[in-house]
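input.cif follows (mmCIF, C-alpha atoms):
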```cif
data_target
loop_
_atom_site.label_atom_id
_atom_site.label_comp_id
_atom_site.auth_asym_id
_atom_site.auth_seq_id
_atom_site.Cartn_x
_atom_site.Cartn_y
_atom_site.Cartn_z
CA MET A 1 -37.96 -123.55 55.15
CA SER A 2 -40.07 -125.17 57.80
CA VAL A 3 -39.58 -128.74 58.91
CA THR A 4 -43.08 -129.62 57.69
CA GLY A 5 -42.35 -128.26 54.21
CA LEU A 6 -39.03 -130.06 54.03
CA THR A 7 -40.63 -133.33 55.14
CA ALA A 8 -43.38 -132.95 52.55
CA ILE A 9 -40.84 -132.38 49.77
CA ILE A 10 -38.77 -135.41 50.79
CA VAL A 11 -41.86 -137.63 50.97
CA LEU A 12 -43.10 -136.42 47.57
CA VAL A 13 -39.74 -136.99 45.89
CA ALA A 14 -39.45 -140.46 47.40
CA ALA A 15 -43.00 -141.29 46.29
CA ALA A 16 -42.25 -140.08 42.76
CA LEU A 17 -39.09 -142.19 42.59
CA LEU A 18 -40.97 -145.24 43.87
CA GLY A 19 -43.59 -144.60 41.19
CA VAL A 20 -40.89 -144.59 38.53
CA VAL A 21 -39.53 -147.89 39.87
CA LEU A 22 -43.00 -149.48 39.87
CA TYR A 23 -43.67 -148.17 36.35
CA GLY A 24 -40.39 -149.68 35.15
CA LEU A 25 -41.28 -152.97 36.80
CA HIS A 26 -44.74 -152.98 35.22
CA ARG A 27 -43.33 -152.19 31.76
CA GLY A 28 -40.78 -154.99 32.07
CA ARG A 29 -37.73 -152.72 32.06
CA LEU A 30 -36.69 -153.73 35.58
CA SER A 31 -36.38 -157.18 37.06
CA ARG A 32 -38.20 -157.90 40.30
CA GLY A 33 -34.93 -158.03 42.25
CA GLY A 34 -33.70 -154.78 40.72
CA ALA A 35 -36.96 -153.03 41.52
CA LEU A 36 -36.84 -154.30 45.11
CA ALA A 37 -33.24 -153.12 45.52
CA ALA A 38 -34.09 -149.70 44.06
CA ALA A 39 -37.14 -149.34 46.32
CA ILE A 40 -35.13 -150.26 49.42
CA LEU A 41 -32.39 -147.79 48.41
CA ILE A 42 -34.92 -144.98 47.88
CA LEU A 43 -36.62 -145.62 51.23
CA ALA A 44 -33.28 -145.84 53.06
CA ALA A 45 -32.06 -142.59 51.50
CA ALA A 46 -35.30 -140.79 52.37
CA SER A 47 -35.10 -142.06 55.95
CA VAL A 48 -31.51 -140.90 56.38
CA ILE A 49 -32.32 -137.49 54.89
CA LEU A 50 -35.26 -137.11 57.25
CA VAL A 51 -33.37 -138.20 60.37
CA TYR A 52 -29.93 -136.63 59.82
CA PRO A 53 -30.95 -132.94 59.60
CA SER A 54 -32.99 -133.31 62.78
CA ILE A 55 -29.86 -134.58 64.52
CA LEU A 56 -27.90 -131.56 63.26
CA THR A 57 -30.49 -129.01 64.36
CA THR A 58 -31.08 -130.27 67.90
CA THR A 59 -29.28 -128.44 70.65
CA HIS A 60 -27.97 -130.40 73.56
CA MET A 61 -27.77 -128.86 76.98
CA SER A 62 -24.53 -129.76 78.75
#
```
What is this structure when it is put down as structure tokens?
Amino acid sequence: MSVTGLTAIIVLVAAALLGVVLYGLHRGRLSRGGALAAAILILAAASVILVYPSILTTTHMS
């Protein structure tokens, strides 16, 4: 799978999860603090998933 396709999938999944968090906040099922913590966790996980594979696939010339 190409890097562009993988990035698009990660961004779409993170956006869907953030949408679920915002929906739960709007419906009153999540507190504001819980929604903020969940959003930060989702964004942090997406960032790590995007950065870590690129670190693994780079080749370093010694």
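Picture a line from CA of Ala35 in chain A to CA of Val11 in chain A; it runs 18.7 Å.
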The residues within 12 Å of (-42.1, -143.7, 38.8), using all atoms listed in the file and the coordinates of the file, should be reported as an mmCIF file with C-alpha atoms, in the coordinates of the input; which are they?
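What ended up in part-v2.cif:
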```
data_model
loop_
_atom_site.group_PDB
_atom_site.id
_atom_site.type_symbol
_atom_site.label_atom_id
_atom_site.label_comp_id
_atom_site.auth_asym_id
_atom_site.auth_seq_id
_atom_site.Cartn_x
_atom_site.Cartn_y
_atom_site.Cartn_z
ATOM 1 C CA LEU A 12 -43.100 -136.420 47.570
ATOM 2 C CA VAL A 13 -39.740 -136.990 45.890
ATOM 3 C CA ALA A 14 -39.450 -140.460 47.400
ATOM 4 C CA ALA A 15 -43.000 -141.290 46.290
ATOM 5 C CA ALA A 16 -42.250 -140.080 42.760
ATOM 6 C CA LEU A 17 -39.090 -142.190 42.590
ATOM 7 C CA LEU A 18 -40.970 -145.240 43.870
ATOM 8 C CA GLY A 19 -43.590 -144.600 41.190
ATOM 9 C CA VAL A 20 -40.890 -144.590 38.530
ATOM 10 C CA VAL A 21 -39.530 -147.890 39.870
ATOM 11 C CA LEU A 22 -43.000 -149.480 39.870
ATOM 12 C CA TYR A 23 -43.670 -148.170 36.350
ATOM 13 C CA GLY A 24 -40.390 -149.680 35.150
ATOM 14 C CA LEU A 25 -41.280 -152.970 36.800
ATOM 15 C CA HIS A 26 -44.740 -152.980 35.220
ATOM 16 C CA ARG A 27 -43.330 -152.190 31.760
ATOM 17 C CA LEU A 30 -36.690 -153.730 35.580
ATOM 18 C CA ALA A 35 -36.960 -153.030 41.520
ATOM 19 C CA ALA A 38 -34.090 -149.700 44.060
ATOM 20 C CA ALA A 39 -37.140 -149.340 46.320
ATOM 21 C CA ILE A 42 -34.920 -144.980 47.880
#
```
So how many Å separate CA of Arg29 in chain A and CA of Val48 in chain A, to one decimal?
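Atom-to-atom, CA of Arg29 in chain A and CA of Val48 in chain A are spaced 27.7 Å apart.
One finds CA of Ser47 in chain A at 9.2 Å from CA of Ile10 in chain A.
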Output as AutoDock Vina command-line options the centre and edge lengths (Å, one decimal) of the box along x, y and z of the file that holds every listed atom of range 2-14 of chain A after adding 4 Å on each side.
```
--center_x -41.1 --center_y -132.8 --center_z 52.4 --size_x 12.6 --size_y 23.3 --size_z 21.0
```
(-40.7, -132.1, 58.4) in this file's frame - what residues fall within 12 Å of it? Use all atoms listed in the file and give the answer as a list in words.
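The residues that fall inside the cut-off are Met1, Ser2, Val3, Thr4, Gly5, Leu6, Thr7, Ala8, Ile9, Ile10, Val11, Leu12, Ala46, Ser47, Ile49, Leu50, Val51, Tyr52, Pro53 and Ser54 of chain A.
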Expected file for range 2-14 of chain A keeping all heavy atoms, as a PDB file, in the first residue's frame:
```pdb
ATOM      1  N   SER A   2       0.468   2.219  -0.743  1.00  0.00           N
ATOM      2  CA  SER A   2       1.267   3.437  -0.838  1.00  0.00           C
ATOM      3  C   SER A   2       1.157   4.260   0.439  1.00  0.00           C
ATOM      4  O   SER A   2       0.221   4.110   1.226  1.00  0.00           O
ATOM      5  CB  SER A   2       0.810   4.273  -2.033  1.00  0.00           C
ATOM      6  OG  SER A   2      -0.462   4.823  -1.767  1.00  0.00           O
ATOM      7  N   VAL A   3       2.115   5.134   0.621  1.00  0.00           N
ATOM      8  CA  VAL A   3       2.126   6.005   1.793  1.00  0.00           C
ATOM      9  C   VAL A   3       0.922   6.939   1.767  1.00  0.00           C
ATOM     10  O   VAL A   3       0.297   7.202   2.798  1.00  0.00           O
ATOM     11  CB  VAL A   3       3.446   6.800   1.845  1.00  0.00           C
ATOM     12  CG1 VAL A   3       3.422   7.810   2.970  1.00  0.00           C
ATOM     13  CG2 VAL A   3       4.629   5.866   1.987  1.00  0.00           C
ATOM     14  N   THR A   4       0.555   7.407   0.583  1.00  0.00           N
ATOM     15  CA  THR A   4      -0.598   8.303   0.465  1.00  0.00           C
ATOM     16  C   THR A   4      -1.880   7.588   0.872  1.00  0.00           C
ATOM     17  O   THR A   4      -2.713   8.148   1.595  1.00  0.00           O
ATOM     18  CB  THR A   4      -0.728   8.815  -0.983  1.00  0.00           C
ATOM     19  OG1 THR A   4       0.504   9.418  -1.356  1.00  0.00           O
ATOM     20  CG2 THR A   4      -1.852   9.801  -1.116  1.00  0.00           C
ATOM     21  N   GLY A   5      -2.056   6.351   0.428  1.00  0.00           N
ATOM     22  CA  GLY A   5      -3.242   5.581   0.798  1.00  0.00           C
ATOM     23  C   GLY A   5      -3.298   5.300   2.283  1.00  0.00           C
ATOM     24  O   GLY A   5      -4.361   5.418   2.913  1.00  0.00           O
ATOM     25  N   LEU A   6      -2.168   4.948   2.861  1.00  0.00           N
ATOM     26  CA  LEU A   6      -2.106   4.681   4.295  1.00  0.00           C
ATOM     27  C   LEU A   6      -2.413   5.947   5.097  1.00  0.00           C
ATOM     28  O   LEU A   6      -3.170   5.904   6.072  1.00  0.00           O
ATOM     29  CB  LEU A   6      -0.723   4.149   4.666  1.00  0.00           C
ATOM     30  CG  LEU A   6      -0.512   3.746   6.112  1.00  0.00           C
ATOM     31  CD1 LEU A   6      -1.440   2.601   6.496  1.00  0.00           C
ATOM     32  CD2 LEU A   6       0.929   3.358   6.348  1.00  0.00           C
ATOM     33  N   THR A   7      -1.874   7.065   4.668  1.00  0.00           N
ATOM     34  CA  THR A   7      -2.141   8.337   5.349  1.00  0.00           C
ATOM     35  C   THR A   7      -3.621   8.689   5.265  1.00  0.00           C
ATOM     36  O   THR A   7      -4.218   9.121   6.252  1.00  0.00           O
ATOM     37  CB  THR A   7      -1.292   9.457   4.721  1.00  0.00           C
ATOM     38  OG1 THR A   7       0.086   9.100   4.821  1.00  0.00           O
ATOM     39  CG2 THR A   7      -1.532  10.773   5.416  1.00  0.00           C
ATOM     40  N   ALA A   8      -4.218   8.478   4.101  1.00  0.00           N
ATOM     41  CA  ALA A   8      -5.638   8.788   3.930  1.00  0.00           C
ATOM     42  C   ALA A   8      -6.497   7.921   4.844  1.00  0.00           C
ATOM     43  O   ALA A   8      -7.455   8.410   5.457  1.00  0.00           O
ATOM     44  CB  ALA A   8      -6.041   8.584   2.475  1.00  0.00           C
ATOM     45  N   ILE A   9      -6.169   6.651   4.964  1.00  0.00           N
ATOM     46  CA  ILE A   9      -6.931   5.752   5.837  1.00  0.00           C
ATOM     47  C   ILE A   9      -6.802   6.181   7.294  1.00  0.00           C
ATOM     48  O   ILE A   9      -7.801   6.234   8.027  1.00  0.00           O
ATOM     49  CB  ILE A   9      -6.466   4.297   5.639  1.00  0.00           C
ATOM     50  CG1 ILE A   9      -6.906   3.796   4.269  1.00  0.00           C
ATOM     51  CG2 ILE A   9      -7.012   3.398   6.733  1.00  0.00           C
ATOM     52  CD1 ILE A   9      -6.325   2.462   3.880  1.00  0.00           C
ATOM     53  N   ILE A  10      -5.601   6.515   7.727  1.00  0.00           N
ATOM     54  CA  ILE A  10      -5.392   6.933   9.118  1.00  0.00           C
ATOM     55  C   ILE A  10      -6.157   8.217   9.412  1.00  0.00           C
ATOM     56  O   ILE A  10      -6.802   8.341  10.450  1.00  0.00           O
ATOM     57  CB  ILE A  10      -3.880   7.099   9.404  1.00  0.00           C
ATOM     58  CG1 ILE A  10      -3.200   5.736   9.370  1.00  0.00           C
ATOM     59  CG2 ILE A  10      -3.656   7.773  10.759  1.00  0.00           C
ATOM     60  CD1 ILE A  10      -1.695   5.795   9.367  1.00  0.00           C
ATOM     61  N   VAL A  11      -6.116   9.175   8.486  1.00  0.00           N
ATOM     62  CA  VAL A  11      -6.824  10.434   8.684  1.00  0.00           C
ATOM     63  C   VAL A  11      -8.332  10.202   8.719  1.00  0.00           C
ATOM     64  O   VAL A  11      -9.039  10.778   9.560  1.00  0.00           O
ATOM     65  CB  VAL A  11      -6.426  11.449   7.585  1.00  0.00           C
ATOM     66  CG1 VAL A  11      -7.347  12.647   7.586  1.00  0.00           C
ATOM     67  CG2 VAL A  11      -4.981  11.873   7.774  1.00  0.00           C
ATOM     68  N   LEU A  12      -8.852   9.351   7.841  1.00  0.00           N
ATOM     69  CA  LEU A  12     -10.285   9.073   7.829  1.00  0.00           C
ATOM     70  C   LEU A  12     -10.750   8.372   9.096  1.00  0.00           C
ATOM     71  O   LEU A  12     -11.811   8.688   9.636  1.00  0.00           O
ATOM     72  CB  LEU A  12     -10.650   8.250   6.598  1.00  0.00           C
ATOM     73  CG  LEU A  12     -10.622   9.003   5.272  1.00  0.00           C
ATOM     74  CD1 LEU A  12     -10.840   8.040   4.108  1.00  0.00           C
ATOM     75  CD2 LEU A  12     -11.664  10.095   5.252  1.00  0.00           C
ATOM     76  N   VAL A  13      -9.969   7.427   9.586  1.00  0.00           N
ATOM     77  CA  VAL A  13     -10.338   6.731  10.828  1.00  0.00           C
ATOM     78  C   VAL A  13     -10.305   7.695  12.005  1.00  0.00           C
ATOM     79  O   VAL A  13     -11.214   7.700  12.840  1.00  0.00           O
ATOM     80  CB  VAL A  13      -9.401   5.519  11.067  1.00  0.00           C
ATOM     81  CG1 VAL A  13      -9.575   4.957  12.456  1.00  0.00           C
ATOM     82  CG2 VAL A  13      -9.669   4.445  10.029  1.00  0.00           C
ATOM     83  N   ALA A  14      -9.280   8.538  12.067  1.00  0.00           N
ATOM     84  CA  ALA A  14      -9.205   9.510  13.156  1.00  0.00           C
ATOM     85  C   ALA A  14     -10.369  10.496  13.085  1.00  0.00           C
ATOM     86  O   ALA A  14     -10.961  10.844  14.113  1.00  0.00           O
ATOM     87  CB  ALA A  14      -7.872  10.259  13.101  1.00  0.00           C
TER      88      ALA A  14
END
```
